[in-house]
$ cat data-v4.txt   # compact mmCIF, C-alpha atoms and all ligand atoms
# COMPACT_ATOMS: atom_id res chain seq x y z
CA MET A 633 -35.91 -16.76 122.80
CA THR A 634 -36.09 -19.60 120.27
CA ALA A 635 -35.18 -23.27 120.63
CA THR A 636 -31.73 -22.44 119.22
CA GLN A 637 -31.13 -19.63 121.71
CA PRO A 638 -30.87 -21.12 125.21
CA GLU A 639 -30.66 -18.63 128.06
CA LEU A 640 -27.12 -18.45 129.48
CA THR A 641 -27.86 -15.85 132.12
CA ALA A 642 -30.56 -15.70 134.74
CA SER A 643 -33.71 -13.81 133.83
CA PRO A 644 -35.21 -11.57 136.51
CA GLY A 645 -37.57 -13.83 138.42
CA ASN A 646 -36.56 -13.88 142.05
CA GLY A 647 -39.63 -11.87 142.96
CA GLY A 648 -38.97 -8.98 145.29
CA VAL A 649 -35.18 -9.17 145.22
CA ASP A 650 -34.88 -8.61 141.48
CA ALA A 651 -37.51 -5.87 141.59
CA ALA A 652 -35.68 -4.11 144.45
CA VAL A 653 -32.39 -4.35 142.53
CA ALA A 654 -34.04 -2.91 139.40
CA ALA A 655 -35.24 -0.02 141.58
CA ALA A 656 -31.68 0.46 142.92
CA ARG A 657 -30.38 0.65 139.32
CA ARG A 658 -32.91 3.40 138.67
CA VAL A 659 -31.69 5.25 141.78
CA ILE A 660 -28.04 5.04 140.66
CA ALA A 661 -28.90 6.41 137.20
CA ALA A 662 -31.33 9.02 138.53
CA LEU A 663 -28.74 10.38 141.00
CA LEU A 664 -26.27 10.86 138.14
CA HIS A 665 -28.91 12.50 135.97
CA ALA A 666 -30.01 14.82 138.79
CA GLY A 667 -26.50 15.93 139.78
CA ASP A 668 -26.29 18.88 142.17
CA GLY A 669 -27.83 21.42 139.84
CA THR A 670 -31.43 20.33 140.37
CA PRO A 671 -33.96 21.41 142.97
CA ALA A 672 -34.17 17.85 144.37
CA GLU A 673 -33.51 17.96 148.12
CA MET A 674 -30.41 15.73 148.28
CA THR A 675 -29.95 15.76 152.07
CA GLU A 676 -33.44 14.42 152.54
CA ILE A 677 -32.91 11.86 149.75
CA ALA A 678 -29.66 10.69 151.40
CA GLY A 679 -31.59 10.13 154.64
CA ARG A 680 -34.24 8.04 152.89
CA LEU A 681 -31.67 5.94 151.03
CA ASN A 682 -29.66 5.37 154.22
CA ALA A 683 -32.85 4.23 155.97
CA VAL A 684 -33.33 1.61 153.23
CA ALA A 685 -29.71 0.47 153.58
CA ASP A 686 -30.01 0.32 157.40
CA HIS A 687 -33.10 -1.88 157.07
CA LEU A 688 -31.41 -4.26 154.59
CA GLU A 689 -28.22 -4.55 156.68
CA GLU A 690 -30.24 -5.22 159.81
CA HIS A 691 -31.89 -8.23 158.16
CA ALA A 692 -28.87 -9.57 156.21
CA PRO A 693 -27.19 -12.89 157.07
CA ALA A 694 -23.47 -13.12 157.91
CA VAL A 695 -21.26 -12.59 154.85
CA ALA A 696 -19.93 -16.20 155.07
CA ASP A 697 -23.49 -17.59 155.06
CA ARG A 698 -24.46 -15.37 152.15
CA LEU A 699 -21.42 -16.50 150.13
CA VAL A 700 -22.48 -20.13 150.56
CA ASP A 701 -26.03 -19.31 149.60
CA MET A 702 -25.19 -17.27 146.49
CA TRP A 703 -22.90 -20.01 145.11
CA ALA A 704 -25.53 -22.71 145.57
CA GLY A 705 -27.64 -23.73 142.58
CA GLU A 706 -27.15 -21.62 139.47
CA GLY A 707 -24.55 -19.58 141.38
CA VAL A 708 -22.64 -16.95 139.44
CA THR A 709 -25.48 -16.12 137.13
CA ARG A 710 -27.64 -14.32 139.74
CA HIS A 711 -25.07 -12.13 141.52
CA ASP A 712 -22.26 -11.34 139.07
CA PRO A 713 -21.60 -7.69 138.11
CA VAL A 714 -22.38 -8.16 134.41
CA THR A 715 -25.53 -10.27 134.10
CA GLY A 716 -26.72 -10.67 137.67
CA PRO A 717 -30.36 -9.74 138.29
CA GLU A 718 -29.47 -9.50 142.01
CA ASN A 719 -26.58 -7.08 141.43
CA ALA A 720 -27.47 -3.41 141.04
CA ILE A 721 -24.15 -2.59 139.36
CA ALA A 722 -24.83 -5.14 136.57
CA PRO A 723 -26.32 -3.31 133.54
CA PRO A 724 -27.57 -6.21 133.27
CA LEU A 725 -26.42 -7.99 130.10
CA HIS A 726 -28.58 -10.93 129.06
CA LEU A 727 -26.77 -13.65 127.09
CA VAL A 728 -28.12 -16.42 124.89
CA GLY A 729 -26.37 -19.33 123.21
CA LEU A 730 -26.33 -19.38 119.41
CA ALA A 731 -26.64 -22.46 117.20
CA ASP A 732 -23.22 -21.76 115.64
CA GLY A 733 -21.48 -22.28 119.01
CA GLY A 734 -21.08 -18.61 119.93
CA ILE A 735 -23.11 -16.50 122.34
CA GLU A 736 -24.69 -13.05 122.09
CA GLY A 737 -26.34 -10.41 124.23
CA LYS A 738 -27.86 -6.96 123.77
CA VAL A 739 -27.51 -4.12 126.25
CA THR A 740 -27.94 -0.36 126.35
CA LEU A 741 -25.67 1.45 128.81
CA GLY A 742 -26.48 4.76 130.47
CA MET A 743 -24.59 7.39 132.43
CA PRO A 744 -23.32 5.13 135.25
CA TYR A 745 -21.01 3.51 132.68
CA GLN A 746 -19.65 6.70 131.08
CA GLY A 747 -15.95 7.21 130.29
CA PRO A 748 -15.26 9.82 127.58
CA PRO A 749 -18.16 12.27 127.03
CA GLY A 750 -21.23 10.33 125.87
CA CYS A 751 -19.23 7.10 125.55
CA VAL A 752 -18.79 3.86 127.47
CA HIS A 753 -15.82 3.66 129.88
CA GLY A 754 -13.12 1.35 128.48
CA GLY A 755 -12.94 -0.60 131.73
CA ILE A 756 -16.66 -1.32 131.53
CA SER A 757 -16.17 -2.70 128.00
CA ALA A 758 -13.38 -4.90 129.40
CA LEU A 759 -15.71 -6.10 132.17
CA LEU A 760 -18.47 -6.99 129.72
CA LEU A 761 -16.07 -8.81 127.40
CA ASP A 762 -14.22 -10.68 130.16
CA HIS A 763 -17.48 -12.07 131.45
CA THR A 764 -18.98 -12.78 128.03
CA LEU A 765 -15.86 -14.65 126.90
CA GLY A 766 -16.06 -16.65 130.15
CA VAL A 767 -19.70 -17.58 129.53
CA ALA A 768 -18.84 -18.50 125.90
CA ASN A 769 -16.35 -21.00 127.30
CA HIS A 770 -19.01 -22.39 129.61
CA TRP A 771 -21.36 -22.69 126.62
CA ALA A 772 -18.65 -24.45 124.59
CA GLY A 773 -18.11 -26.95 127.41
CA GLU A 774 -14.59 -26.11 128.66
CA SER A 775 -14.11 -23.09 130.90
CA GLY A 776 -11.54 -21.53 133.21
CA MET A 777 -10.21 -18.34 134.76
CA THR A 778 -9.01 -15.36 132.75
CA GLY A 779 -5.23 -15.52 132.29
CA THR A 780 -4.71 -12.80 129.68
CA LEU A 781 -7.29 -10.49 128.19
CA THR A 782 -6.26 -8.30 125.24
CA LEU A 783 -8.55 -5.53 124.04
CA ARG A 784 -8.54 -3.30 120.99
CA TYR A 785 -10.70 -0.18 121.12
CA HIS A 786 -11.48 0.46 117.44
CA ARG A 787 -13.90 3.35 117.90
CA THR A 788 -15.77 4.86 120.82
CA THR A 789 -18.65 2.84 122.22
CA PRO A 790 -21.84 4.94 122.50
CA LEU A 791 -24.00 5.31 125.59
CA PHE A 792 -27.81 5.19 125.15
CA GLU A 793 -27.60 2.98 122.01
CA GLU A 794 -28.18 -0.74 121.81
CA LEU A 795 -24.91 -2.66 121.88
CA THR A 796 -24.40 -6.23 120.72
CA VAL A 797 -21.89 -8.26 122.72
CA THR A 798 -20.68 -11.52 121.19
CA ALA A 799 -18.12 -14.18 122.06
CA ARG A 800 -17.00 -17.61 120.99
CA GLN A 801 -14.45 -20.21 122.00
CA ASP A 802 -11.88 -20.52 119.23
CA SER A 803 -9.65 -23.37 120.40
CA VAL A 804 -8.37 -25.36 123.38
CA GLU A 805 -4.71 -26.36 123.79
CA GLY A 806 -4.09 -28.39 126.91
CA ARG A 807 -5.34 -26.24 129.81
CA LYS A 808 -5.30 -23.05 127.71
CA ILE A 809 -8.58 -21.88 126.20
CA PHE A 810 -8.55 -19.26 123.42
CA THR A 811 -11.67 -17.14 123.19
CA SER A 812 -12.62 -13.98 121.30
CA GLY A 813 -15.46 -11.49 121.25
CA THR A 814 -16.69 -8.06 120.26
CA ILE A 815 -18.89 -5.15 121.29
CA SER A 816 -20.68 -3.56 118.31
CA ALA A 817 -23.00 -0.61 117.81
CA GLY A 818 -25.01 -0.05 114.64
CA GLY A 819 -23.27 -3.01 112.99
CA GLN A 820 -19.75 -1.62 113.58
CA VAL A 821 -17.24 -3.20 115.93
CA CYS A 822 -16.27 -0.79 118.73
CA VAL A 823 -14.15 -3.14 120.85
CA SER A 824 -12.68 -6.56 120.12
CA ALA A 825 -11.17 -8.91 122.69
CA GLU A 826 -8.95 -11.96 122.69
CA GLY A 827 -8.63 -13.98 125.85
CA ILE A 828 -6.48 -16.83 127.08
CA PHE A 829 -8.33 -18.62 129.85
CA VAL A 830 -6.69 -21.34 131.93
CA ASN A 831 -8.73 -24.36 132.96
CA LYS A 832 -8.83 -23.91 136.72
CA HIS A 833 -11.91 -23.69 138.97
CA LEU A 834 -12.05 -22.51 142.57
CA ALA A 835 -14.11 -24.52 145.02
CA ARG A 836 -17.48 -22.96 145.86
CA PRO A 837 -17.86 -21.88 149.52
CA ARG A 838 -19.92 -24.18 151.73
C1 LIG B 901 -29.68 -19.71 134.11
C2 LIG B 901 -28.87 -20.54 133.25
C3 LIG B 901 -27.58 -21.01 133.85
C4 LIG B 901 -26.51 -21.03 132.86
C5 LIG B 901 -25.21 -21.16 133.54
C6 LIG B 901 -24.21 -20.19 132.98
C7 LIG B 901 -23.07 -20.14 133.96
C8 LIG B 901 -21.93 -19.35 133.45
C9 LIG B 901 -20.78 -19.79 134.26
C10 LIG B 901 -19.73 -19.13 134.33
C11 LIG B 901 -19.46 -17.85 133.68
C12 LIG B 901 -18.39 -17.21 134.42
C13 LIG B 901 -17.82 -16.09 133.64
C14 LIG B 901 -16.80 -15.44 134.50
C15 LIG B 901 -15.89 -14.64 133.69
C16 LIG B 901 -14.97 -13.86 134.57
C17 LIG B 901 -13.68 -14.57 134.72
C18 LIG B 901 -12.81 -13.95 135.76
O1 LIG B 901 -12.96 -12.83 136.10
S1 LIG B 901 -11.63 -14.94 136.44
C19 LIG B 901 -10.81 -13.83 137.58
C20 LIG B 901 -9.61 -13.19 137.00
N1 LIG B 901 -8.56 -14.15 136.82
C21 LIG B 901 -7.84 -14.57 137.86
O2 LIG B 901 -7.98 -14.16 138.98
C22 LIG B 901 -6.77 -15.60 137.54
C23 LIG B 901 -5.58 -15.45 138.47
N2 LIG B 901 -4.51 -16.30 138.01
C24 LIG B 901 -4.45 -17.60 138.35
O3 LIG B 901 -5.24 -18.10 139.14
C25 LIG B 901 -3.37 -18.41 137.67
O4 LIG B 901 -2.29 -17.57 137.31
C26 LIG B 901 -3.90 -19.13 136.41
C27 LIG B 901 -5.06 -20.05 136.77
C28 LIG B 901 -4.33 -18.15 135.30
C29 LIG B 901 -2.77 -19.99 135.81
O5 LIG B 901 -2.13 -20.63 136.86
P1 LIG B 901 -1.80 -22.19 136.81
O6 LIG B 901 -0.76 -22.46 137.85
O7 LIG B 901 -3.05 -22.99 136.92
O8 LIG B 901 -1.22 -22.36 135.32
P2 LIG B 901 0.20 -22.97 134.88
O9 LIG B 901 0.21 -24.42 135.27
O10 LIG B 901 1.31 -22.09 135.32
O11 LIG B 901 0.09 -22.81 133.28
C30 LIG B 901 -0.79 -23.63 132.51
C31 LIG B 901 -0.73 -23.13 131.08
O12 LIG B 901 -1.37 -21.83 131.02
C32 LIG B 901 -0.45 -20.80 130.61
N3 LIG B 901 -0.71 -19.63 131.42
C33 LIG B 901 -0.58 -19.51 132.75
N4 LIG B 901 -0.94 -18.30 133.15
C34 LIG B 901 -1.30 -17.63 132.04
C35 LIG B 901 -1.77 -16.33 131.84
N5 LIG B 901 -1.95 -15.47 132.87
N6 LIG B 901 -2.06 -15.95 130.58
C36 LIG B 901 -1.88 -16.81 129.54
N7 LIG B 901 -1.44 -18.07 129.69
C37 LIG B 901 -1.16 -18.47 130.92
C38 LIG B 901 0.94 -21.40 130.91
O13 LIG B 901 1.91 -20.83 130.05
C39 LIG B 901 0.71 -22.87 130.63
O14 LIG B 901 0.71 -23.04 129.23
P3 LIG B 901 1.47 -24.32 128.59
O15 LIG B 901 0.68 -25.52 129.11
O16 LIG B 901 2.86 -24.28 129.13
O17 LIG B 901 1.33 -24.10 127.13
$ encode --input "data-v4.txt" --output "structure tokens"
Amino acid sequence: MTATQPELTASPGNGGVDAAVAAARRVIAALLHAGDGTPAEMTEIAGRLNAVADHLEEHAPAVADRLVDMWAGEGVTRHDPVTGPENAIAPPLHLVGLADGGIEGKVTLGMPYQGPPGCVHGGISALLLDHTLGVANHWAGESGMTGTLTLRYHRTTPLFEELTVTARQDSVEGRKIFTSGTISAGGQVCVSAEGIFVNKHLARPR
């Protein structure tokens, strides 16, 4: 990171939680890689994973309390499904602000995000772009909820290759915010997005 690239998403740093989530991401990917054609003893593995889940559930607060807690402080950036270091389904994508007003992140996606053979699922690309456009609005100073998100899939998006995700706020007209972004691989645009966000914010739980 340089002085012109402020962090827009939380870096792993919440000690054990982020490390446990990183381990869970490895489990998700490793289960897909292993499949049912390997000698790994899946019944025994299921038992061990369920024991971990039982232990976590036993010590978890009530959902209402947890919702208050996770929206306190930096909020969305630690638990969201795109960048959240506390969310095992987040790849995670790490976003930085650029001096020209846009934002950018790099990510490499593996098998859990597969759609067509060897390629990223189109819905996953939509998820990444929806969130990145939303953060670009936050970075530009005026944000809101997604009203309309339009995607064009120009070419397939590869798994196991570094992807660059970009977004920028283009204009604001009253409560409507116009934002665009892309996912590229090897310098070529795979997916482009145009969003109309509407300036509306839901109250955080307390
Ligand atoms: C460690 C460092 C820390 C850094 C911190 C970084 C923090 C980053 C922070 C944050 C990043 C977050 C990133 C999140 C990204 C994900 C976003 C989502 O997934 S949002 C969930 C999905 N979206 C919904 O669920 C919306 C559901 N829909 C609604 O709630 C409403 O329909 C809403 C708000 C979209 C509009 O409702 P109305 O009643 O407020 O709007 P009306 O008054 O009818 O219209 C206002 C104007 O907007 C247009 N409009 C209304 N709906 C529209 C639509 N769906 N599409 C386009 N235009 C629409 C209208 O035509 C009107 O335009 P005219 O002023 O007349 O020009």
$ residues_near_ligand --input "data-v4.txt" --ligand "ligand LIG 901 (chain B)" --cutoff "8 Å" --atoms "all atoms listed in the file" --output "VMD selection string"
chain A and resid 639 to 643 706 to 709 762 to 771 775 to 781 805 to 808 828 to 832
$ closest_residue --input "data-v4.txt" --among "A:Ile735, A:Val804, A:Ser824, A:Val752" --to "Leu791 (chain A)" --atoms "all atoms listed in the file"
A:Val752
$ residues_around --input "data-v4.txt" --residues "region 809-816 of chain A" --least-positions-apart "5" --cutoff "6 Å" --atoms "all atoms listed in the file" --output "count of residues only"
19
$ closest_atom_pairs --input "data-v4.txt" --of "region 704-806 of chain A" --to "region 655-679 of chain A" --cutoff "9 Å" --atoms "all atoms listed in the file" --output "JSON lines"
{"residue": "A:Asn719", "atom": "CA", "partner": "A:Arg657", "partner_atom": "CA", "distance": 8.9}
{"residue": "A:Ala720", "atom": "CA", "partner": "A:Arg657", "partner_atom": "CA", "distance": 5.3}
{"residue": "A:Ile721", "atom": "CA", "partner": "A:Arg657", "partner_atom": "CA", "distance": 7.0}
{"residue": "A:Ala722", "atom": "CA", "partner": "A:Arg657", "partner_atom": "CA", "distance": 8.5}
{"residue": "A:Pro723", "atom": "CA", "partner": "A:Arg657", "partner_atom": "CA", "distance": 8.1}
{"residue": "A:Gly742", "atom": "CA", "partner": "A:Ala661", "partner_atom": "CA", "distance": 7.3}
{"residue": "A:Met743", "atom": "CA", "partner": "A:Ala661", "partner_atom": "CA", "distance": 6.5}
{"residue": "A:Pro744", "atom": "CA", "partner": "A:Ala661", "partner_atom": "CA", "distance": 6.0}
$ atom_distance --input "data-v4.txt" --atom1 "CA of Leu725 (chain A)" --atom2 "CA of Leu759 (chain A)"
11.1 Å
$ build_atoms --input "data-v4.txt" --residues "region 663-688 of chain A" --atoms "N, CA and C atoms" --output "mmCIF file, in the frame of the given file"
data_model
loop_
_atom_site.group_PDB
_atom_site.id
_atom_site.type_symbol
_atom_site.label_atom_id
_atom_site.label_comp_id
_atom_site.auth_asym_id
_atom_site.auth_seq_id
_atom_site.Cartn_x
_atom_site.Cartn_y
_atom_site.Cartn_z
ATOM 1 N N LEU A 663 -29.638 9.500 140.240
ATOM 2 C CA LEU A 663 -28.740 10.380 141.000
ATOM 3 C C LEU A 663 -27.738 11.061 140.070
ATOM 4 N N LEU A 664 -27.221 10.293 139.101
ATOM 5 C CA LEU A 664 -26.270 10.860 138.140
ATOM 6 C C LEU A 664 -26.952 11.884 137.242
ATOM 7 N N HIS A 665 -28.180 11.568 136.837
ATOM 8 C CA HIS A 665 -28.910 12.500 135.970
ATOM 9 C C HIS A 665 -29.217 13.789 136.733
ATOM 10 N N ALA A 666 -29.605 13.641 138.009
ATOM 11 C CA ALA A 666 -30.010 14.820 138.790
ATOM 12 C C ALA A 666 -28.817 15.727 139.071
ATOM 13 N N GLY A 667 -27.664 15.113 139.436
ATOM 14 C CA GLY A 667 -26.500 15.930 139.780
ATOM 15 C C GLY A 667 -26.813 16.865 140.940
ATOM 16 N N ASP A 668 -26.029 17.954 141.068
ATOM 17 C CA ASP A 668 -26.290 18.880 142.170
ATOM 18 C C ASP A 668 -26.896 20.189 141.661
ATOM 19 N N GLY A 669 -27.274 20.184 140.387
ATOM 20 C CA GLY A 669 -27.830 21.420 139.840
ATOM 21 C C GLY A 669 -29.340 21.389 139.744
ATOM 22 N N THR A 670 -29.970 20.435 140.443
ATOM 23 C CA THR A 670 -31.430 20.330 140.370
ATOM 24 C C THR A 670 -32.027 20.721 141.721
ATOM 25 N N PRO A 671 -33.321 21.032 141.711
ATOM 26 C CA PRO A 671 -33.960 21.410 142.970
ATOM 27 C C PRO A 671 -34.217 20.230 143.911
ATOM 28 N N ALA A 672 -33.908 18.999 143.491
ATOM 29 C CA ALA A 672 -34.170 17.850 144.370
ATOM 30 C C ALA A 672 -33.422 18.048 145.692
ATOM 31 N N GLU A 673 -34.092 17.742 146.792
ATOM 32 C CA GLU A 673 -33.510 17.960 148.120
ATOM 33 C C GLU A 673 -32.629 16.765 148.477
ATOM 34 N N MET A 674 -31.311 16.872 148.190
ATOM 35 C CA MET A 674 -30.410 15.730 148.280
ATOM 36 C C MET A 674 -30.165 15.269 149.724
ATOM 37 N N THR A 675 -30.177 16.189 150.692
ATOM 38 C CA THR A 675 -29.950 15.760 152.070
ATOM 39 C C THR A 675 -31.079 14.854 152.537
ATOM 40 N N GLU A 676 -32.289 15.231 152.164
ATOM 41 C CA GLU A 676 -33.440 14.420 152.540
ATOM 42 C C GLU A 676 -33.406 13.076 151.804
ATOM 43 N N ILE A 677 -33.007 13.098 150.539
ATOM 44 C CA ILE A 677 -32.910 11.860 149.750
ATOM 45 C C ILE A 677 -31.851 10.935 150.355
ATOM 46 N N ALA A 678 -30.716 11.503 150.767
ATOM 47 C CA ALA A 678 -29.660 10.690 151.400
ATOM 48 C C ALA A 678 -30.209 9.999 152.644
ATOM 49 N N GLY A 679 -30.995 10.709 153.420
ATOM 50 C CA GLY A 679 -31.590 10.130 154.640
ATOM 51 C C GLY A 679 -32.499 8.953 154.306
ATOM 52 N N ARG A 680 -33.309 9.115 153.267
ATOM 53 C CA ARG A 680 -34.240 8.040 152.890
ATOM 54 C C ARG A 680 -33.478 6.820 152.372
ATOM 55 N N LEU A 681 -32.439 7.069 151.559
ATOM 56 C CA LEU A 681 -31.670 5.940 151.030
ATOM 57 C C LEU A 681 -30.912 5.232 152.147
ATOM 58 N N ASN A 682 -30.363 5.997 153.092
ATOM 59 C CA ASN A 682 -29.660 5.370 154.220
ATOM 60 C C ASN A 682 -30.618 4.552 155.078
ATOM 61 N N ALA A 683 -31.860 4.996 155.200
ATOM 62 C CA ALA A 683 -32.850 4.230 155.970
ATOM 63 C C ALA A 683 -33.104 2.873 155.304
ATOM 64 N N VAL A 684 -33.151 2.873 153.973
ATOM 65 C CA VAL A 684 -33.330 1.610 153.230
ATOM 66 C C VAL A 684 -32.129 0.695 153.476
ATOM 67 N N ALA A 685 -30.922 1.273 153.369
ATOM 68 C CA ALA A 685 -29.710 0.470 153.580
ATOM 69 C C ALA A 685 -29.645 -0.064 155.011
ATOM 70 N N ASP A 686 -30.007 0.766 155.992
ATOM 71 C CA ASP A 686 -30.010 0.320 157.400
ATOM 72 C C ASP A 686 -30.932 -0.886 157.561
ATOM 73 N N HIS A 687 -32.108 -0.802 156.955
ATOM 74 C CA HIS A 687 -33.100 -1.880 157.070
ATOM 75 C C HIS A 687 -32.564 -3.175 156.454
ATOM 76 N N LEU A 688 -31.948 -3.071 155.263
ATOM 77 C CA LEU A 688 -31.410 -4.260 154.590
ATOM 78 C C LEU A 688 -30.279 -4.878 155.407
#
